Structures are given as structure tokens and as C-alpha cells.
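**Q** I am attaching a structure below and will ask some questions about it afterwards.
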Amino acid sequence: MNEKITSKRTVDYTDRFPVFTPEMKKTYTILVPDMLPWHFDLLTHVMRGEGYMVEVLHNEGRAVIDEGLKHVHNDTCYPALCVIGQYLDALKSGKYDVDKTAVLITQTGGGCRASNYLPLIRKALKSEFPQVPVLSLNFSGLEKGNGLQLNLKMLQKLAYSIFYGDLVMTCFNQTKPYEMRDGDSAKVRSSCVETLRGALDSGEYKKLKRYTTYVLDAFAAIPVSQVKKVKVGIVGEIYVKYSPLGNSHLEEFLLQEGCEPVMPALMDFILYCVVNNLNDAKFYGRKSIVTVIFRFVYKWLLKKQRAIIKQMKAHGRYEPLHDFEHLRGCADRVIHQGVKMGEGWLIPAEMAALCETGTENVVCAQPFGCLPNHIAGKGAVRVIKELYPNANIVPVDYDPSATKVNQENRIKLMLATARENLRLEAI
């Protein structure tokens with residue numbers, strides 16, 4: 001009996017599904033689900049520079065959701081359903097050689113349903129596309145021997161890509177609602193991303209001060225009106241917070257309603273994942289050599305983030321990004337940093353930081369049934385309102401059965417209150 005148990009433990013489970021080998025790098029197209037279009041433009045550009053053939057998927061609509069529903073139970077995490085739907089819809093489109101195509105998913109390894117994406121994706125692909133490998137980009141040991149070949153230089157480029165993506169996103173959202181000529185902000189955004197691609201190719205991407213100034217000046221040159229508009233923060237589960245497919249084009253809807261959408265930086269989520277490993281060592285005694293590495297990474301990333309914040313403050317035109325240490329302080333006023341399932345303490349931290357900086361209207365976007373987000377997000381609203389009496393927060397569920405009209409109506413009720421508050425401020 002003991003011999004049987006031992007033999008089962010030594011079986012390499014990767015023989016049950018196709019593995020992406022280093023040789024495939026030159027011949028396989030890797031499909032990436034869309035989440036942050038302009039960030040992913042820079043991130044995939046870095047991957048292409050390393051020899052990977054990568055394509056971000058932009059297919060969407062009800063057909064994608066229905067495709068996901070065919071293979072994923074509707075009680076499963078909505079982001080998984082969206083991602084799997086995008087993969088299968090793309091593979092069935094005839095655009096790709098399915099014998100030379102792989103799919104890529106990023107994972108944090110946290111205690112939520114997202115950590116089960118790999119088996120869910122493989123199960124969905126097995127019925128129609130069993131030959132398609134699934135790659136995992138994670139730093140938590142979830143998947144070994146079937147991921148990207150990452151080196152220090154590539155990781156550094158990916159980090160800078162996120163910093164620059166956050167800066168472009170922030171400047172665009174603070175300019176677009178006020179532009180005098182329709183389309184100016186979009187043109188500048190495209191121009192900035194093109195310039196940043198060139199910096200990544202030339203190796204000049206490390207000149208953070210130069211390119212931060214370039215982006216700030218480029219957007220500041222756009223003629224804008226001085227009409228004050230309602231600012232609406234967007235927080236919640238990482239995918240539905242950012243993905244147009246996952247949140248029914250929430251940013252576009254807010255812009256159409258004459259609002260300024262305020263999106264927290266993607267780097268805040270990266271820092272959240274890093275610092276949770278340090279908190280594991282602090283709270284639970286889980287110290288190892290990895291703790292030392294994460295501490296170094298955290299200090300390096302925070303230093304870069306603070307350099308950008310310092311330049312944004314000196315420039316004076318744009319509301320700067322949030323200092324991550326300040327976010328941690330905001331979290332401590334609401335919830336313990338040991339609450340790290342899903343987006344955990346980051347959600348109330350972002351809501352509090354937004355309220356402190358004048359964005360008191362907040363949409364908390366969450367997949368239906370996502371307990372970590374419902375508890376740490378919706379469950380923290382009462383405490384946030386006690387700390388910030390003018391906070392105007394609406395939790396919105398996103399799932400296959402929720403209609404866009406119903407979601408937008410809930411947000412419109414929040415906006416009615418926001419506009420009334422803005423009118424009273426002007427008196």
C-alpha cells in the first residue's frame with residue numbers, strides 16, 4: 001500500500017496535458033486575454049522583444065460569454081468564464097493554427113477561485129483543442145516547467161512597462177473628460193505608447209524621469225476646459241476592475257456620462273501581492289530566502305513608484321498616483337493586512353485613499369459570489385462611510401446573468417447623488 005502511494009506521488013501530472021517547451025517559442029502564437037489594453041500593449045511588446053509571438057485578444061460580446069458558459073459552470077468565477085470564453089471564441093474563429101497556438105494566464109496563487117484557472121482552462125480546451133498548451137505566469141510555484149522563460153532583464157522591462165502604463169492611464173483619464181477637441185487625448189495616448197515601445201527597444205526605458213516628464217508634458221499640452229466634473233473611482237476584483245469585457249465597458253460608460261473615471265494603478269496590485277509575502281513572514285512566521293528576495297523587490301518597486309509620484313507633484317497638472325505605503329496606512333484604519341484573500345485589504349485601502357483625495361464616488365466592481373471581494377469590498381463600505389461621511393459607494397455585481405442596463409442603472413443612481421453633491425459644493 002505504501003509503495004502504491006509513493007508511486008502516485010512521483011507521477012508527473014504534466015503527462016496529462018500538452019506542455020509548452022522552449023522550442024515552441026519560435027513557432028507558437030501565444031494568446032493573452034485582454035484586461036488593460038494599453039498596459040498589455042507595452043507588456044506584450046516586451047515579450048515580443050524576447051522572441052515570443054504574443055497576441056492580446058480583443059474579441060468580446062455576448063458570444064464570448066456564451067462560449068464560456070458552455071464550458072464553465074455559472075457559479076464559477078466570472079473572470080474565468082470571460083477568459084475561457086475569449087480563448088475558445090478565438091480558437092474557433094479560424095484565425096489561428098490551433099496546432100501552433102498556446103494560451104497564457106497570469107496567477108497570484110492567492111486563496112480564491114483564480115488559483116484554479118489552470119485546470120479550468122485545460123478542462124475547457126480538452127474537449128475541442130486538447131493540443132493547445134496553457135502557460136502560467138506566476139511567482140508562487142503554482143505551475144513549474146510550463147511557463148515563460150523569465151530573466152532579470154525581462155522582469156525589469158515588464159515592471160517599467162507597468163509603471164509607464166499606469167502613468168499613461170492616469171493622465172488620459174484626467175484629460176479625456178475635459179478635452180476641448182474630441183480625440184486629442186486618444187491621439188496623445190497612442191503617441192506616448194509608441195514612444196515608450198521605442199524606449200523599451202532601445203534600452204532607454206530605465207530613464208524614468210525623462211519619460212515620465214515626456215508623458216506628463218504631452219498630455220498637459222492638450223487644451224482642456226475648466227468645468228468641474230464628477231470623479232468616480234473604480235475598485236474591486238482585479239479583472240472586472242480593469243477589463244472592458246468583465247465590467248461592461250465601465251470606463252467608457254462613465255466618460256459618456258460626463259464623469260472622470262479614476263483608476264487605481266496596476267502596480268498597486270503588484271505591490272500588494274509582493275507585500276503579502278512579507279506579511280506572511282511577519283504574521284505567520286513563514287520566513288525563507290524568498291522573503292529576502294520579496295523584500296528587495298518591494299523596496300525597488302516602491303522607490304520607482306515614489307519617483308513618479310514626486311515628478312507628478314512637481315509638475316502640478318495631474319493628481320499623482322497613491323503612495324503604496326499610504327495605501328497600507330489607509331487599510332490599517334479599516335481592516336487587518338492579514339486579510340489577503342483575493343484583493344483583500346487593497347479594496348478598502350483604495351476606497352479610503354480615493355475619498356481622501358476628493359474622489360468620494362466609488363464603484364466597487366466584483367464578480368457575483370466572489371466572497372473575498374464581497375467581504376473585503378462590500379463588507380467594508382459601512383466603515384469607510386463612518387470614516388468619510390461623504391463617501392458615495394455602490395457595489396456592482398458582474399456575472400453572466402447580470403444585464404448591462406441593470407448595472408448602469410445602479411451606477412446612475414449613485415451618479416445622481418454625486419451630481420447633487422457637486423452642485424451643492426458650487427453654491
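In the C-alpha cells, chains take the letters A, B, ... in the order shown, each chain's residues start at 1, and ligands count up from 1 in the order shown.
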Within 7 Å of Pro18 in chain A, counting only C-alpha atoms, which residues show up once you throw out same-chain ones fewer than 6 positions away? Write them as an mmCIF file with C-alpha atoms, in the first residue's frame, please.
**A**
```
data_model
loop_
_atom_site.group_PDB
_atom_site.id
_atom_site.type_symbol
_atom_site.label_atom_id
_atom_site.label_comp_id
_atom_site.auth_asym_id
_atom_site.auth_seq_id
_atom_site.Cartn_x
_atom_site.Cartn_y
_atom_site.Cartn_z
ATOM 1 C CA GLN A 131 -3.313 20.076 -28.288
ATOM 2 C CA VAL A 132 -3.239 23.702 -27.069
ATOM 3 C CA PRO A 133 -0.764 24.251 -24.170
#
```
**Q** Could you write out, as a ChimeraX atom specification, all the residues of range 355-394 of chain A that DSSP marks as helix (DSSP H, G or I)?
**A** /A:355-356,371-376,378-387
**Q** Need to verify the contact set: range 384-388 of chain A, 12 Å, only C-alpha atoms, exclusion of same-chain residues closer than 5 positions in sequence. Can you return it as a list in words?
**A**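 In the requested form, the answer reads Cys330, Ala331, Asp332, Arg333, Val334, Ile335, Ile347, Pro348, Ala349, Glu350, Met351, Ala352, Ala353, Leu354, Cys355, Glu356, Thr357, Gly358, Thr359, Glu360, Asn361, Val362, Ala376, Gly377, Lys378, Gly379, Ile393 and Val394 of chain A.
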**Q** Keeping C-alpha atoms, export the residues of the selection given above as a PDB file, in the first residue's frame.
**A**
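Once written, again-v5.pdb looks like this:
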```pdb
ATOM      1  CA  CYS A 330      -5.422  53.513   4.855  1.00  0.00           C
ATOM      2  CA  ALA A 331      -6.026  49.770   5.075  1.00  0.00           C
ATOM      3  CA  ASP A 332      -4.992  49.692   8.719  1.00  0.00           C
ATOM      4  CA  ARG A 333      -7.801  52.108   9.527  1.00  0.00           C
ATOM      5  CA  VAL A 334     -10.377  49.711   8.105  1.00  0.00           C
ATOM      6  CA  ILE A 335      -9.158  46.115   8.067  1.00  0.00           C
ATOM      7  CA  ILE A 347     -10.029  47.233  -1.849  1.00  0.00           C
ATOM      8  CA  PRO A 348     -10.919  49.212   1.312  1.00  0.00           C
ATOM      9  CA  ALA A 349      -7.454  50.806   1.177  1.00  0.00           C
ATOM     10  CA  GLU A 350      -8.146  52.119  -2.326  1.00  0.00           C
ATOM     11  CA  MET A 351     -11.637  53.319  -1.368  1.00  0.00           C
ATOM     12  CA  ALA A 352     -10.232  55.213   1.620  1.00  0.00           C
ATOM     13  CA  ALA A 353      -7.370  56.719  -0.405  1.00  0.00           C
ATOM     14  CA  LEU A 354      -9.796  57.837  -3.127  1.00  0.00           C
ATOM     15  CA  CYS A 355     -12.066  59.513  -0.573  1.00  0.00           C
ATOM     16  CA  GLU A 356      -9.080  61.312   0.970  1.00  0.00           C
ATOM     17  CA  THR A 357      -8.072  62.767  -2.406  1.00  0.00           C
ATOM     18  CA  GLY A 358     -11.502  64.067  -3.392  1.00  0.00           C
ATOM     19  CA  THR A 359     -12.889  61.050  -5.242  1.00  0.00           C
ATOM     20  CA  GLU A 360     -15.747  60.247  -2.886  1.00  0.00           C
ATOM     21  CA  ASN A 361     -17.868  58.486  -5.525  1.00  0.00           C
ATOM     22  CA  VAL A 362     -16.762  54.886  -5.952  1.00  0.00           C
ATOM     23  CA  ALA A 376     -13.383  42.971   1.973  1.00  0.00           C
ATOM     24  CA  GLY A 377     -15.169  45.236  -0.519  1.00  0.00           C
ATOM     25  CA  LYS A 378     -18.895  45.488   0.131  1.00  0.00           C
ATOM     26  CA  GLY A 379     -18.381  44.456   3.761  1.00  0.00           C
ATOM     27  CA  ILE A 393     -20.151  53.962  -2.832  1.00  0.00           C
ATOM     28  CA  VAL A 394     -22.103  51.499  -4.976  1.00  0.00           C
TER      29      VAL A 394
END
```
**Q** Pro395 in chain A: which residues within 10 Å, counting only C-alpha atoms, same-chain residues fewer than 3 positions away excluded, as a list in words?
**A**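 Neighbouring residues, sequence-local ones excluded: Val235, Gly236, Val362, Val363, Cys364, Ala365, Gln366, His374, Gly377, Lys378, Gly379, Val381, Tyr398, Gln407, Arg410 and Ile411 of chain A.
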**Q** Out of A:Ser190, A:Ser161, A:Thr101, A:Thr76, which residue has the shortest atom-to-atom distance to Phe368 in chain A when counting only C-alpha atoms?
**A**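 The shortest atom-to-atom distance to Phe368 in chain A comes from A:Thr76.
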**Q** Could you give me, as an MDAnalysis selection string, the residues within 9 Å of range 319-328 of chain A, counting only C-alpha atoms and dropping anything in the same chain fewer than 3 positions from it?
**A** chainID A and resid 166:167 170:171 174 264:265 268 271:272 302 305:306 308:313 316 331:333 337 345:346 349:350 352:354 357
**Q** Filtering to C-alpha atoms, could you give me those residues as a CSV table (one decimal), in the first residue's frame?
**A**
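And here's out03.csv as it stands now:
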```csv
chain,number,residue,atom,x,y,z
A,166,ASP,CA,-0.2,53.4,-15.1
A,167,LEU,CA,1.1,56.9,-15.9
A,170,THR,CA,-3.9,58.2,-15.2
A,171,CYS,CA,-3.0,61.2,-17.4
A,174,GLN,CA,-7.6,63.1,-16.1
A,264,PRO,CA,-6.0,52.8,-9.2
A,265,ALA,CA,-2.6,51.8,-10.6
A,268,ASP,CA,-0.6,48.8,-6.6
A,271,LEU,CA,3.0,45.7,-4.7
A,272,TYR,CA,0.0,44.2,-2.8
A,302,LEU,CA,8.3,51.4,-4.2
A,305,GLN,CA,6.7,54.5,-7.8
A,306,ARG,CA,7.7,57.3,-5.4
A,308,ILE,CA,7.0,59.0,-10.4
A,309,ILE,CA,4.8,60.5,-7.7
A,310,LYS,CA,7.4,63.1,-6.9
A,311,GLN,CA,7.5,64.2,-10.5
A,312,MET,CA,3.7,64.3,-10.8
A,313,LYS,CA,3.6,66.6,-7.8
A,316,GLY,CA,1.4,70.2,-10.8
A,331,ALA,CA,-6.0,49.8,5.1
A,332,ASP,CA,-5.0,49.7,8.7
A,333,ARG,CA,-7.8,52.1,9.5
A,337,GLN,CA,-3.5,43.4,6.4
A,345,TRP,CA,-7.3,44.7,2.2
A,346,LEU,CA,-6.4,46.5,-1.0
A,349,ALA,CA,-7.5,50.8,1.2
A,350,GLU,CA,-8.1,52.1,-2.3
A,352,ALA,CA,-10.2,55.2,1.6
A,353,ALA,CA,-7.4,56.7,-0.4
A,354,LEU,CA,-9.8,57.8,-3.1
A,357,THR,CA,-8.1,62.8,-2.4
```
**Q** Considering only C-alpha atoms, return as an MDAnalysis selection string whatever protein or nucleic-acid residues lie within 12 Å of Ala102 in chain A, sequence-local ones (same chain, fewer than 3 positions apart) excluded.
**A** chainID A and resid 18:21 24:25 27:33 52:55 87:88 90:91 96:99 105 121:122 125 129:136 146:148
**Q** For a test of reading the model, state the distance in Å between CA of Val339 in chain A and CA of Leu43 in chain A, rounded to one decimal.
**A**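 Straight-line distance from CA of Val339 in chain A to CA of Leu43 in chain A works out to 29.4 Å.
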**Q** I need the residue nearest Pro261 in chain A from this list: A:Leu208, A:Ile84, A:Val232, A:Leu216. Use only C-alpha atoms for the distance.
**A**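 When distances to Pro261 in chain A are compared using only C-alpha atoms, the smallest one comes from A:Val232.
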**Q** For each of A:Leu278, A:Val262, A:Val103, A:Leu155, take the minimum atom-to-atom distance to Lys231 in chain A, counting only C-alpha atoms, then give the residue where this is smallest.
**A**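 Among A:Leu278, A:Val262, A:Val103, A:Leu155, it is A:Val262 that comes nearest to Lys231 in chain A.
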**Q** Kindly give the distance, in Å, that separates CA of Phe269 in chain A and CA of Tyr298 in chain A, rounded to a single decimal.
**A**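 Computed distance, CA of Phe269 in chain A to CA of Tyr298 in chain A, equals 12.0 Å.
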**Q** Identify which of the residues A:Ser191, A:Asn406, A:Asn421, A:Asn390 lies closest to Trp38 in chain A, counting only C-alpha atoms when measuring atom-to-atom distances.
**A** A:Ser191
**Q** Hey, can you check how far CA of Gly285 in chain A sits from CA of Val297 in chain A?
**A**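 Taking CA of Gly285 in chain A and CA of Val297 in chain A, their separation equals 19.5 Å.
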